[in-house]
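Undergrad: coords.txt (compact mmCIF, C-alpha atoms) pasted underneath:
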# COMPACT_ATOMS: atom_id res chain seq x y z
CA MET A 1 52.25 -42.42 5.42
CA SER A 2 49.44 -40.83 7.31
CA GLY A 3 45.83 -41.83 6.84
CA GLU A 4 45.23 -38.70 4.81
CA ALA A 5 48.11 -39.52 2.48
CA TRP A 6 46.78 -43.04 1.98
CA THR A 7 43.35 -41.61 1.15
CA PHE A 8 44.84 -39.13 -1.27
CA TRP A 9 47.01 -41.58 -3.16
CA ILE A 10 44.14 -44.04 -3.50
CA VAL A 11 41.40 -41.56 -4.42
CA ALA A 12 43.38 -39.08 -6.56
CA PRO A 13 44.19 -41.61 -9.33
CA LEU A 14 40.54 -42.64 -9.34
CA THR A 15 39.39 -39.05 -9.85
CA VAL A 16 41.89 -38.56 -12.68
CA LEU A 17 40.71 -41.85 -14.19
CA GLY A 18 37.13 -40.60 -13.97
CA GLY A 19 38.09 -37.37 -15.72
CA LEU A 20 39.89 -39.24 -18.51
CA GLY A 21 36.93 -41.58 -18.89
CA LEU A 22 34.63 -38.57 -19.13
CA VAL A 23 36.63 -37.13 -22.01
CA MET A 24 37.27 -40.41 -23.82
CA SER A 25 33.93 -42.23 -23.63
CA ARG A 26 32.08 -42.33 -26.91
CA LYS A 27 28.65 -42.43 -25.31
CA ALA A 28 27.24 -39.61 -23.20
CA VAL A 29 25.87 -42.02 -20.56
CA HIS A 30 29.32 -43.49 -19.97
CA SER A 31 30.73 -39.98 -19.68
CA ALA A 32 28.12 -39.13 -17.05
CA LEU A 33 28.96 -42.23 -15.00
CA TRP A 34 32.69 -41.47 -15.16
CA LEU A 35 31.96 -37.93 -14.00
CA ALA A 36 30.02 -39.36 -11.05
CA VAL A 37 33.14 -41.37 -10.11
CA THR A 38 35.20 -38.16 -10.15
CA MET A 39 32.66 -36.28 -8.07
CA ILE A 40 32.45 -38.96 -5.39
CA GLY A 41 36.26 -39.05 -5.29
CA LEU A 42 36.32 -35.28 -4.80
CA ALA A 43 33.78 -35.62 -1.97
CA VAL A 44 36.12 -38.05 -0.25
CA LEU A 45 38.99 -35.60 -0.69
CA TYR A 46 36.91 -32.77 0.79
CA ILE A 47 36.15 -34.86 3.86
CA ALA A 48 39.82 -35.80 4.13
CA GLN A 49 40.63 -32.07 4.12
CA ASP A 50 38.45 -31.25 7.13
CA ALA A 51 35.52 -30.04 5.03
CA PRO A 52 32.85 -32.63 5.93
CA PHE A 53 29.98 -30.26 5.13
CA LEU A 54 31.24 -29.66 1.59
CA GLY A 55 31.86 -33.38 1.15
CA VAL A 56 28.26 -34.18 2.02
CA VAL A 57 26.94 -31.32 -0.13
CA GLN A 58 29.10 -32.56 -3.00
CA VAL A 59 27.51 -36.02 -2.81
CA ILE A 60 23.97 -34.68 -2.42
CA VAL A 61 24.04 -31.77 -4.86
CA TYR A 62 26.50 -32.93 -7.51
CA THR A 63 26.37 -36.70 -7.53
CA GLY A 64 22.74 -36.75 -6.51
CA ALA A 65 20.95 -33.86 -8.14
CA VAL A 66 23.16 -32.56 -10.94
CA MET A 67 24.21 -35.94 -12.32
CA MET A 68 20.64 -37.23 -12.20
CA LEU A 69 19.56 -34.13 -14.13
CA PHE A 70 22.25 -34.88 -16.70
CA LEU A 71 21.13 -38.49 -16.99
CA PHE A 72 17.52 -37.41 -17.42
CA VAL A 73 18.45 -35.07 -20.26
CA ILE A 74 20.69 -37.71 -21.86
CA MET A 75 17.76 -40.12 -21.83
CA LEU A 76 15.48 -37.46 -23.33
CA VAL A 77 17.96 -36.42 -26.01
CA GLY A 78 18.74 -40.00 -26.97
CA VAL A 79 21.09 -42.45 -25.35
CA ASP A 80 22.54 -43.66 -28.60
CA ALA A 81 23.55 -40.20 -29.80
CA SER A 82 27.31 -40.63 -29.82
CA ASP A 83 29.89 -38.21 -31.10
CA SER A 84 30.91 -38.17 -34.70
CA LEU A 85 34.59 -38.71 -35.27
CA VAL A 86 34.69 -36.19 -38.12
CA GLU A 87 36.74 -33.15 -37.25
CA THR A 88 35.04 -29.93 -38.24
CA LEU A 89 38.30 -28.01 -38.05
CA ARG A 90 41.29 -29.91 -39.30
CA GLY A 91 43.88 -30.68 -36.66
CA GLN A 92 41.68 -29.31 -33.92
CA ARG A 93 41.98 -32.39 -31.72
CA VAL A 94 45.76 -32.39 -31.79
CA ALA A 95 45.85 -28.65 -31.15
CA ALA A 96 43.41 -29.04 -28.24
CA LEU A 97 45.47 -31.84 -26.72
CA LEU A 98 48.64 -29.78 -27.04
CA ALA A 99 46.99 -26.70 -25.55
CA GLY A 100 45.49 -28.78 -22.71
CA SER A 101 48.79 -30.42 -21.82
CA GLY A 102 50.43 -27.01 -22.02
CA LEU A 103 47.87 -25.65 -19.59
CA ALA A 104 48.48 -28.61 -17.27
CA VAL A 105 52.26 -28.08 -17.38
CA VAL A 106 51.93 -24.35 -16.66
CA LEU A 107 49.49 -24.85 -13.80
CA VAL A 108 51.42 -27.72 -12.20
CA THR A 109 54.70 -25.85 -12.47
CA ALA A 110 53.19 -22.75 -10.92
CA VAL A 111 51.71 -24.78 -8.07
CA THR A 112 54.82 -26.78 -7.30
CA ARG A 113 57.01 -23.68 -7.35
CA SER A 114 54.68 -21.65 -5.19
CA ILE A 115 54.95 -21.65 -1.42
CA LEU A 116 51.79 -22.86 0.25
CA GLY A 117 51.35 -22.57 3.96
CA ALA A 118 51.41 -25.77 5.95
CA PRO A 119 47.90 -27.20 6.19
CA VAL A 120 46.23 -26.64 9.53
CA ASP A 121 44.13 -29.29 11.20
CA GLY A 122 40.37 -29.20 11.51
CA ALA A 123 40.33 -27.93 15.10
CA THR A 124 42.35 -24.85 14.17
CA LEU A 125 40.37 -24.31 10.99
CA ALA A 126 36.99 -24.29 12.70
CA PRO A 127 37.23 -24.38 16.49
CA VAL A 128 33.46 -24.53 16.93
CA GLY A 129 32.97 -27.23 14.32
CA ASN A 130 32.88 -27.19 10.54
CA VAL A 131 29.16 -26.65 10.01
CA GLU A 132 28.93 -24.05 12.76
CA GLY A 133 31.97 -22.19 11.45
CA LEU A 134 30.57 -22.13 7.91
CA ALA A 135 27.19 -20.96 9.20
CA ASP A 136 28.90 -18.16 11.16
CA LEU A 137 30.58 -16.94 8.00
CA ILE A 138 27.62 -17.37 5.64
CA PHE A 139 25.22 -15.53 7.92
CA SER A 140 27.60 -12.68 8.73
CA ASP A 141 30.29 -11.77 6.19
CA TYR A 142 28.66 -13.50 3.22
CA LEU A 143 25.04 -12.73 4.07
CA PHE A 144 24.47 -10.54 1.02
CA ALA A 145 25.95 -13.13 -1.36
CA PHE A 146 23.81 -15.78 0.31
CA GLU A 147 20.63 -13.77 -0.21
CA VAL A 148 21.53 -13.04 -3.82
CA THR A 149 21.97 -16.79 -4.26
CA SER A 150 18.32 -17.34 -3.45
CA ALA A 151 17.31 -14.89 -6.19
CA LEU A 152 19.68 -16.69 -8.57
CA LEU A 153 18.19 -20.07 -7.81
CA ILE A 154 14.60 -18.98 -8.29
CA THR A 155 15.54 -17.18 -11.50
CA ALA A 156 17.21 -20.33 -12.78
CA ALA A 157 14.19 -22.48 -11.91
CA VAL A 158 11.73 -20.10 -13.58
CA GLY A 159 14.07 -19.69 -16.54
CA ALA A 160 14.28 -23.44 -17.08
CA LEU A 161 10.50 -23.69 -16.90
CA VAL A 162 10.02 -20.91 -19.44
CA LEU A 163 12.67 -22.31 -21.77
CA THR A 164 11.33 -25.85 -21.86
CA LEU A 165 7.63 -25.04 -21.79
CA GLN A 166 5.86 -26.40 -24.86
CA PRO A 167 2.71 -24.59 -25.92
CA ARG A 168 -0.29 -26.82 -26.49
CA ALA A 169 -0.97 -27.59 -30.13
CA ALA A 170 -4.71 -27.26 -29.58
CA ARG A 171 -6.78 -25.65 -26.88
CA ARG A 172 -7.44 -27.98 -23.98
CA ARG A 173 -11.10 -28.98 -24.01
CA SER A 174 -12.85 -28.58 -20.71
CA GLN A 175 -14.62 -31.40 -18.92
CA ARG A 176 -17.90 -29.65 -19.62
CA GLU A 177 -17.29 -29.65 -23.37
CA LEU A 178 -16.23 -33.29 -23.31
CA ALA A 179 -19.38 -34.27 -21.39
CA ALA A 180 -21.58 -32.27 -23.78
CA GLU A 181 -19.94 -34.03 -26.70
CA ARG A 182 -20.74 -37.40 -25.19
CA PHE A 183 -24.28 -36.88 -23.95
CA ARG A 184 -25.54 -34.20 -26.35
CA PRO A 185 -23.94 -35.24 -29.64
CA GLU A 186 -24.66 -33.04 -32.61
CA ASP A 187 -25.31 -35.97 -34.90
CA GLY A 188 -27.59 -37.67 -32.39
CA ASP A 189 -25.33 -40.74 -32.15
CA PHE A 190 -25.37 -41.91 -28.53
CA SER A 191 -23.35 -45.06 -29.07
CA MET A 192 -20.33 -43.57 -27.24
CA ALA A 193 -22.28 -42.29 -24.25
CA ALA A 194 -20.94 -45.12 -22.11
CA GLY A 195 -17.35 -44.30 -23.09
CA LEU A 196 -15.00 -45.75 -25.68
CA PRO A 197 -14.51 -49.52 -25.71
CA THR A 198 -11.64 -50.76 -23.53
CA PRO A 199 -8.61 -52.44 -25.11
CA GLY A 200 -8.99 -56.11 -25.84
CA VAL A 201 -7.87 -58.37 -23.03
CA LEU A 202 -7.58 -61.85 -24.43
CA ALA A 203 -6.44 -65.13 -23.08
CA ARG A 204 -3.01 -64.98 -24.65
CA HIS A 205 -2.35 -61.27 -24.84
CA ASN A 206 -3.41 -58.57 -22.44
CA ALA A 207 -1.28 -55.60 -23.51
CA VAL A 208 -2.98 -52.23 -23.78
CA GLY A 209 -1.87 -52.15 -27.40
CA THR A 210 -4.27 -54.94 -28.33
CA PRO A 211 -7.49 -53.72 -29.89
CA ALA A 212 -10.84 -55.04 -28.77
CA LEU A 213 -12.59 -57.32 -31.21
CA LEU A 214 -16.03 -56.53 -32.53
CA PRO A 215 -18.66 -59.31 -32.69
CA ASP A 216 -17.71 -60.08 -36.27
CA GLY A 217 -14.06 -60.51 -35.29
CA THR A 218 -12.66 -57.29 -36.72
CA PRO A 219 -10.52 -55.11 -34.44
CA SER A 220 -12.14 -51.95 -33.13
CA GLU A 221 -10.08 -48.86 -33.89
CA LEU A 222 -11.77 -46.99 -31.06
CA SER A 223 -10.41 -49.34 -28.40
CA TYR A 224 -6.82 -48.58 -29.29
CA SER A 225 -4.90 -45.51 -28.10
CA ARG A 226 -4.18 -43.07 -30.90
CA VAL A 227 -0.70 -42.54 -29.47
CA LEU A 228 0.05 -46.25 -29.78
CA GLN A 229 -1.32 -46.29 -33.33
CA ALA A 230 0.97 -43.42 -34.28
CA ARG A 231 3.95 -45.10 -32.64
CA GLN A 232 3.20 -48.37 -34.37
CA SER A 233 2.91 -46.77 -37.77
CA LEU A 234 6.17 -44.89 -37.09
CA ALA A 235 7.89 -48.12 -36.13
CA GLU A 236 6.52 -49.85 -39.20
CA ALA A 237 7.64 -47.00 -41.41
CA ALA A 238 11.10 -47.37 -39.90
CA ASP A 239 11.05 -51.13 -40.50
CA GLY A 240 9.62 -50.82 -43.95
CA VAL A 241 6.89 -53.34 -43.17
CA ASP A 242 3.23 -52.64 -43.41
CA GLU A 243 1.51 -54.91 -40.93
CA PRO A 244 -2.19 -54.61 -40.26
CA LEU A 245 -3.56 -54.45 -36.74
CA PRO A 246 -3.67 -57.87 -35.09
CA THR A 247 -6.78 -59.75 -36.07
CA ASP A 248 -8.67 -62.49 -34.33
CA GLU A 249 -6.37 -65.23 -35.60
CA GLY A 250 -4.57 -66.76 -32.64
CA GLU A 251 -1.07 -66.85 -34.07
CA GLU A 252 -1.03 -63.15 -34.92
CA LEU A 253 -2.14 -62.21 -31.44
CA THR A 254 0.88 -63.92 -29.91
CA SER A 255 3.19 -61.21 -31.26
CA ASP A 256 3.80 -59.73 -27.81
CA GLU A 257 6.74 -57.69 -28.90
CA ARG A 258 4.96 -55.50 -31.39
CA PRO A 259 3.42 -52.80 -29.17
CA ALA A 260 6.46 -52.88 -26.87
CA ASP A 261 8.67 -52.53 -29.90
CA GLY A 262 6.84 -49.45 -31.03
CA GLY A 263 7.20 -47.98 -27.56
CA GLU A 264 10.94 -48.44 -27.45
CA ARG A 265 11.50 -46.78 -30.74
CA GLU A 266 9.88 -43.58 -29.59
CA MET B 1 50.72 -34.13 3.97
CA ASN B 2 51.83 -31.45 1.56
CA ALA B 3 48.87 -29.35 0.41
CA SER B 4 50.34 -28.80 -3.04
CA ASN B 5 49.44 -32.40 -3.94
CA TYR B 6 45.80 -31.43 -3.83
CA VAL B 7 46.34 -28.32 -5.93
CA VAL B 8 48.29 -30.34 -8.51
CA LEU B 9 45.40 -32.81 -8.68
CA SER B 10 43.04 -29.87 -9.10
CA ALA B 11 45.16 -28.45 -11.93
CA VAL B 12 45.27 -31.83 -13.68
CA LEU B 13 41.48 -32.24 -13.43
CA PHE B 14 40.98 -28.68 -14.68
CA SER B 15 43.18 -29.35 -17.72
CA ILE B 16 41.35 -32.61 -18.48
CA GLY B 17 38.07 -30.70 -18.37
CA ALA B 18 39.45 -27.97 -20.64
CA VAL B 19 40.64 -30.54 -23.19
CA GLY B 20 37.22 -32.18 -23.05
CA VAL B 21 35.48 -28.89 -23.74
CA LEU B 22 37.72 -28.37 -26.76
CA ILE B 23 37.54 -31.80 -28.38
CA ARG B 24 34.05 -33.14 -27.63
CA ARG B 25 31.16 -32.44 -30.00
CA ASN B 26 28.18 -33.51 -27.91
CA ALA B 27 26.84 -30.48 -26.05
CA LEU B 28 26.00 -32.60 -23.00
CA VAL B 29 29.53 -33.96 -22.71
CA VAL B 30 30.96 -30.46 -23.18
CA PHE B 31 28.72 -29.33 -20.35
CA MET B 32 29.90 -32.19 -18.14
CA CYS B 33 33.49 -31.18 -18.83
CA VAL B 34 32.66 -27.65 -17.64
CA GLU B 35 31.30 -29.25 -14.46
CA LEU B 36 34.58 -31.11 -14.05
CA MET B 37 36.47 -27.80 -14.31
CA LEU B 38 34.21 -26.24 -11.67
CA ASN B 39 34.79 -29.20 -9.38
CA ALA B 40 38.54 -28.92 -9.86
CA SER B 41 38.44 -25.26 -8.86
CA ASN B 42 36.39 -26.22 -5.79
CA LEU B 43 39.10 -28.65 -4.73
CA ALA B 44 41.65 -25.85 -4.99
CA PHE B 45 39.41 -23.57 -2.90
CA VAL B 46 39.05 -26.18 -0.17
CA THR B 47 42.80 -26.78 -0.14
CA PHE B 48 43.57 -23.06 0.08
CA ALA B 49 41.09 -22.73 2.93
CA ARG B 50 43.16 -25.28 4.75
CA THR B 51 46.51 -23.68 4.06
CA THR B 52 45.34 -20.20 5.03
CA GLY B 53 43.63 -21.49 8.17
CA THR B 54 40.31 -19.78 7.50
CA LEU B 55 36.98 -21.10 6.31
CA ASP B 56 36.50 -18.49 3.57
CA GLY B 57 37.70 -20.88 0.89
CA GLN B 58 35.11 -23.44 1.90
CA VAL B 59 32.37 -20.80 1.80
CA THR B 60 33.51 -19.83 -1.71
CA ALA B 61 33.42 -23.48 -2.79
CA PHE B 62 29.91 -23.68 -1.38
CA PHE B 63 28.80 -20.69 -3.45
CA VAL B 64 30.46 -22.15 -6.54
CA MET B 65 28.36 -25.28 -6.03
CA VAL B 66 25.17 -23.23 -5.79
CA VAL B 67 25.96 -21.25 -8.93
CA ALA B 68 26.94 -24.44 -10.76
CA ALA B 69 23.59 -26.02 -9.86
CA ALA B 70 21.72 -22.99 -11.27
CA GLU B 71 23.94 -23.02 -14.35
CA VAL B 72 23.25 -26.72 -14.97
CA VAL B 73 19.50 -26.16 -14.81
CA VAL B 74 19.51 -23.33 -17.34
CA GLY B 75 22.14 -24.92 -19.56
CA LEU B 76 20.31 -28.22 -19.81
CA ALA B 77 17.08 -26.36 -20.61
CA ILE B 78 18.87 -24.59 -23.45
CA ILE B 79 20.30 -27.88 -24.72
CA MET B 80 16.79 -29.39 -24.64
CA MET B 81 15.46 -26.44 -26.64
CA ILE B 82 18.19 -26.73 -29.25
CA TYR B 83 17.58 -30.47 -29.42
CA ARG B 84 13.87 -29.94 -29.95
CA SER B 85 14.34 -27.50 -32.81
CA ARG B 86 17.27 -29.25 -34.49
CA ARG B 87 17.02 -32.91 -33.40
CA SER B 88 20.69 -32.85 -32.56
CA ALA B 89 22.79 -32.22 -29.47
CA SER B 90 25.98 -31.53 -31.37
CA VAL B 91 27.63 -28.18 -30.84
CA ASP B 92 28.58 -28.05 -34.54
CA ASP B 93 24.99 -28.13 -35.72
CA ALA B 94 23.94 -25.06 -33.74
CA SER B 95 25.86 -22.73 -35.99
CA LEU B 96 23.08 -20.29 -36.85
CA LEU B 97 21.32 -17.87 -34.56
CA LYS B 98 17.97 -18.93 -35.93
CA LEU B 99 16.66 -21.86 -37.83
What does this structure look like when you write it as structure tokens?

TA:
Amino acid sequence: MSGEAWTFWIVAPLTVLGGLGLVMSRKAVHSALWLAVTMIGLAVLYIAQDAPFLGVVQVIVYTGAVMMLFLFVIMLVGVDASDSLVETLRGQRVAALLAGSGLAVVLVTAVTRSILGAPVDGATLAPVGNVEGLADLIFSDYLFAFEVTSALLITAAVGALVLTLQPRAARRRSQRELAAERFRPEDGDFSMAAGLPTPGVLARHNAVGTPALLPDGTPSELSYSRVLQARQSLAEAADGVDEPLPTDEGEELTSDERPADGGERE
Amino acid sequence: MNASNYVVLSAVLFSIGAVGVLIRRNALVVFMCVELMLNASNLAFVTFARTTGTLDGQVTAFFVMVVAAAEVVVGLAIIMMIYRSRRSASVDDASLLKL
């Protein structure tokens, strides 16, 4: 067997395995990783077929950019969101499997019965080199398509921005307004002119979720991020427990996991 | 080596992707299966470029990659929007045109 045949028979089963893993994994993250296996395998096959430029682009664009984008969205949408096993249409899975294997049989039969030319080697395919040959074609015969591609890409980028843009719930207050609020308060209370109190940093607990303690030992609500408060109350609502903010008693302050816990549940 | 091996592999990957599109419920996984089908067609393009002895197939595969990248960006943005309004990424839940 030639080197190319060795490459093919090692990599091709791996790509098929990646495809099957993509379809069969329950979790979306596992599916994405299986798809990355398939894409890297295809990059190897491109390079084995005298298309080194496409192989490199496959790794950079697909495995690098596209799969990372998928993983980002999976993390945003929720890693634990797995498929339900309930069939919406009865017998749809069986029908889909039958139709898919039918498609595979038809395609494979057509391919094996067709007459393909003998593959040429890389020197015949692109005498001046693969990248140079592709550049020759792209910037001559396919120049118009190439230019249209740039319009497509910028449209896609702007479209994604417009689609995912979230309008602000409230108008953003300018720095001037914030400063006026601090140094020219309407109620004449200048106690916050030096800024809000910083979170409590104590000997046994220095997380930002720890409130500062007032001289009488009660926690200061102002020293504690409102976002963290909301997360904590959400987490407590989910747990069904109603814990107060940590107080000055030492044993309660050792509960390191509480603010982190609220963060994870977000 | 016989070029039809590559095309058979491409056909098998394409069918796996098609089955995935039909049976999976999670919109993200369905989208990944579409990507698998695009990749399979790219493999066929590269193989045909080799059997015809010209680079046009490779240029086509290159353009397919560009279009697929643009499609992923817009598609994922749409999935994010649907997820934000419905708190679900299942294709079954998005059954109405508006909420």

Undergrad: Quick one: residues within 12 Å of Ser2 in chain A, all atoms listed in the file counted, chain neighbours fewer than 2 positions away excluded, as an MDAnalysis selection string?

TA: (chainID A and resid 4:9 48) or (chainID B and resid 1:2)

Undergrad: Residues within 8 Å of Ala3 in chain B, please, as a list in words. Count only C-alpha atoms; anything in the same chain fewer than 2 positions from it doesn't count.

TA: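 The neighbour list is Leu116, Ala118 and Pro119 of chain A; Met1, Asn5, Tyr6, Val7, Thr47 and Thr51 of chain B.
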
Undergrad: Select, counting all atoms listed in the file, all protein, DNA and RNA residues no farther than 12 Å from (22.3, -32.2, -9.5) in file coordinates, and express the selection as a PyMOL selection string.

TA: (chain A and resi 32+36+39+57-73) or (chain B and resi 32+35+65-73+76)

Undergrad: Near Gly53 in chain B, within 6 Å and counting only C-alpha atoms, which residues show up once chain neighbours fewer than 4 positions away are dropped, as a list of chain:residue names?

TA: A:Val120, A:Leu125, B:Ala49

Undergrad: How would the residues just chosen look if you wrote them out with C-alpha atoms as an mmCIF file, in the frame of the given file?

TA:
data_model
loop_
_atom_site.group_PDB
_atom_site.id
_atom_site.type_symbol
_atom_site.label_atom_id
_atom_site.label_comp_id
_atom_site.auth_asym_id
_atom_site.auth_seq_id
_atom_site.Cartn_x
_atom_site.Cartn_y
_atom_site.Cartn_z
ATOM 1 C CA VAL A 120 46.230 -26.640 9.530
ATOM 2 C CA LEU A 125 40.370 -24.310 10.990
ATOM 3 C CA ALA B 49 41.090 -22.730 2.930
#

Undergrad: Residues of chain A near chain B: apply a cut-off of 6 Å, count all atoms listed in the file, and supply the list as a list of chain:residue names.

TA: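 In the required form, that comes to A:Val23, A:Asp83, A:Arg93, A:Ala96, A:Gly100, A:Ala104, A:Leu107, A:Val108, A:Gly117, A:Ala118, A:Pro119, A:Val120, A:Leu125, A:Leu153, A:Ala156, A:Ala160, A:Thr164.
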
Undergrad: Could you check the closest approach to Ala44 in chain B for each of A:Leu42, A:Thr15, A:Gly159, A:Leu196 and tell me which residue wins, using all atoms listed in the file?

TA: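 Among A:Leu42, A:Thr15, A:Gly159, A:Leu196, it is A:Leu42 that comes nearest to Ala44 in chain B.
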
Undergrad: Provide the CA of Tyr142 in chain A to CA of Leu54 in chain A distance in Å, to one decimal place.

TA: 16.4 Å

Undergrad: Output range 50-69 of chain A with N, CA and C atoms present, as a PDB file, keeping the file's coordinate frame.

TA:
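Below you can see part.pdb, which holds the result:
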ATOM      1  N   ASP A  50      39.190 -31.918   6.064  1.00  0.00           N
ATOM      2  CA  ASP A  50      38.450 -31.250   7.130  1.00  0.00           C
ATOM      3  C   ASP A  50      37.341 -30.362   6.600  1.00  0.00           C
ATOM      4  N   ALA A  51      36.679 -30.773   5.523  1.00  0.00           N
ATOM      5  CA  ALA A  51      35.520 -30.040   5.030  1.00  0.00           C
ATOM      6  C   ALA A  51      34.341 -31.014   4.913  1.00  0.00           C
ATOM      7  N   PRO A  52      33.895 -31.590   6.030  1.00  0.00           N
ATOM      8  CA  PRO A  52      32.850 -32.630   5.930  1.00  0.00           C
ATOM      9  C   PRO A  52      31.551 -32.091   5.343  1.00  0.00           C
ATOM     10  N   PHE A  53      31.234 -30.811   5.664  1.00  0.00           N
ATOM     11  CA  PHE A  53      29.980 -30.260   5.130  1.00  0.00           C
ATOM     12  C   PHE A  53      30.024 -30.227   3.603  1.00  0.00           C
ATOM     13  N   LEU A  54      31.136 -29.725   3.049  1.00  0.00           N
ATOM     14  CA  LEU A  54      31.240 -29.660   1.590  1.00  0.00           C
ATOM     15  C   LEU A  54      31.251 -31.051   0.981  1.00  0.00           C
ATOM     16  N   GLY A  55      31.855 -32.009   1.673  1.00  0.00           N
ATOM     17  CA  GLY A  55      31.860 -33.380   1.150  1.00  0.00           C
ATOM     18  C   GLY A  55      30.448 -33.916   1.018  1.00  0.00           C
ATOM     19  N   VAL A  56      29.637 -33.689   2.064  1.00  0.00           N
ATOM     20  CA  VAL A  56      28.260 -34.180   2.020  1.00  0.00           C
ATOM     21  C   VAL A  56      27.467 -33.435   0.960  1.00  0.00           C
ATOM     22  N   VAL A  57      27.669 -32.097   0.881  1.00  0.00           N
ATOM     23  CA  VAL A  57      26.940 -31.320  -0.130  1.00  0.00           C
ATOM     24  C   VAL A  57      27.349 -31.765  -1.531  1.00  0.00           C
ATOM     25  N   GLN A  58      28.628 -32.085  -1.684  1.00  0.00           N
ATOM     26  CA  GLN A  58      29.100 -32.560  -3.000  1.00  0.00           C
ATOM     27  C   GLN A  58      28.349 -33.819  -3.400  1.00  0.00           C
ATOM     28  N   VAL A  59      28.206 -34.766  -2.466  1.00  0.00           N
ATOM     29  CA  VAL A  59      27.510 -36.020  -2.810  1.00  0.00           C
ATOM     30  C   VAL A  59      26.046 -35.726  -3.106  1.00  0.00           C
ATOM     31  N   ILE A  60      25.416 -34.880  -2.249  1.00  0.00           N
ATOM     32  CA  ILE A  60      23.970 -34.680  -2.420  1.00  0.00           C
ATOM     33  C   ILE A  60      23.688 -33.848  -3.652  1.00  0.00           C
ATOM     34  N   VAL A  61      24.378 -32.704  -3.786  1.00  0.00           N
ATOM     35  CA  VAL A  61      24.040 -31.770  -4.860  1.00  0.00           C
ATOM     36  C   VAL A  61      24.595 -32.252  -6.197  1.00  0.00           C
ATOM     37  N   TYR A  62      25.910 -32.571  -6.216  1.00  0.00           N
ATOM     38  CA  TYR A  62      26.500 -32.930  -7.510  1.00  0.00           C
ATOM     39  C   TYR A  62      26.141 -34.341  -7.913  1.00  0.00           C
ATOM     40  N   THR A  63      26.592 -35.317  -7.113  1.00  0.00           N
ATOM     41  CA  THR A  63      26.370 -36.700  -7.530  1.00  0.00           C
ATOM     42  C   THR A  63      24.896 -37.035  -7.518  1.00  0.00           C
ATOM     43  N   GLY A  64      24.166 -36.456  -6.577  1.00  0.00           N
ATOM     44  CA  GLY A  64      22.740 -36.750  -6.510  1.00  0.00           C
ATOM     45  C   GLY A  64      21.943 -35.967  -7.517  1.00  0.00           C
ATOM     46  N   ALA A  65      21.886 -34.659  -7.344  1.00  0.00           N
ATOM     47  CA  ALA A  65      20.950 -33.860  -8.140  1.00  0.00           C
ATOM     48  C   ALA A  65      21.470 -33.583  -9.538  1.00  0.00           C
ATOM     49  N   VAL A  66      22.686 -33.023  -9.641  1.00  0.00           N
ATOM     50  CA  VAL A  66      23.160 -32.560 -10.940  1.00  0.00           C
ATOM     51  C   VAL A  66      23.359 -33.725 -11.905  1.00  0.00           C
ATOM     52  N   MET A  67      23.967 -34.819 -11.409  1.00  0.00           N
ATOM     53  CA  MET A  67      24.210 -35.940 -12.320  1.00  0.00           C
ATOM     54  C   MET A  67      22.906 -36.606 -12.729  1.00  0.00           C
ATOM     55  N   MET A  68      21.923 -36.647 -11.814  1.00  0.00           N
ATOM     56  CA  MET A  68      20.640 -37.230 -12.200  1.00  0.00           C
ATOM     57  C   MET A  68      19.973 -36.370 -13.270  1.00  0.00           C
ATOM     58  N   LEU A  69      20.114 -35.041 -13.115  1.00  0.00           N
ATOM     59  CA  LEU A  69      19.560 -34.130 -14.130  1.00  0.00           C
ATOM     60  C   LEU A  69      20.220 -34.402 -15.483  1.00  0.00           C
TER      61      LEU A  69
END
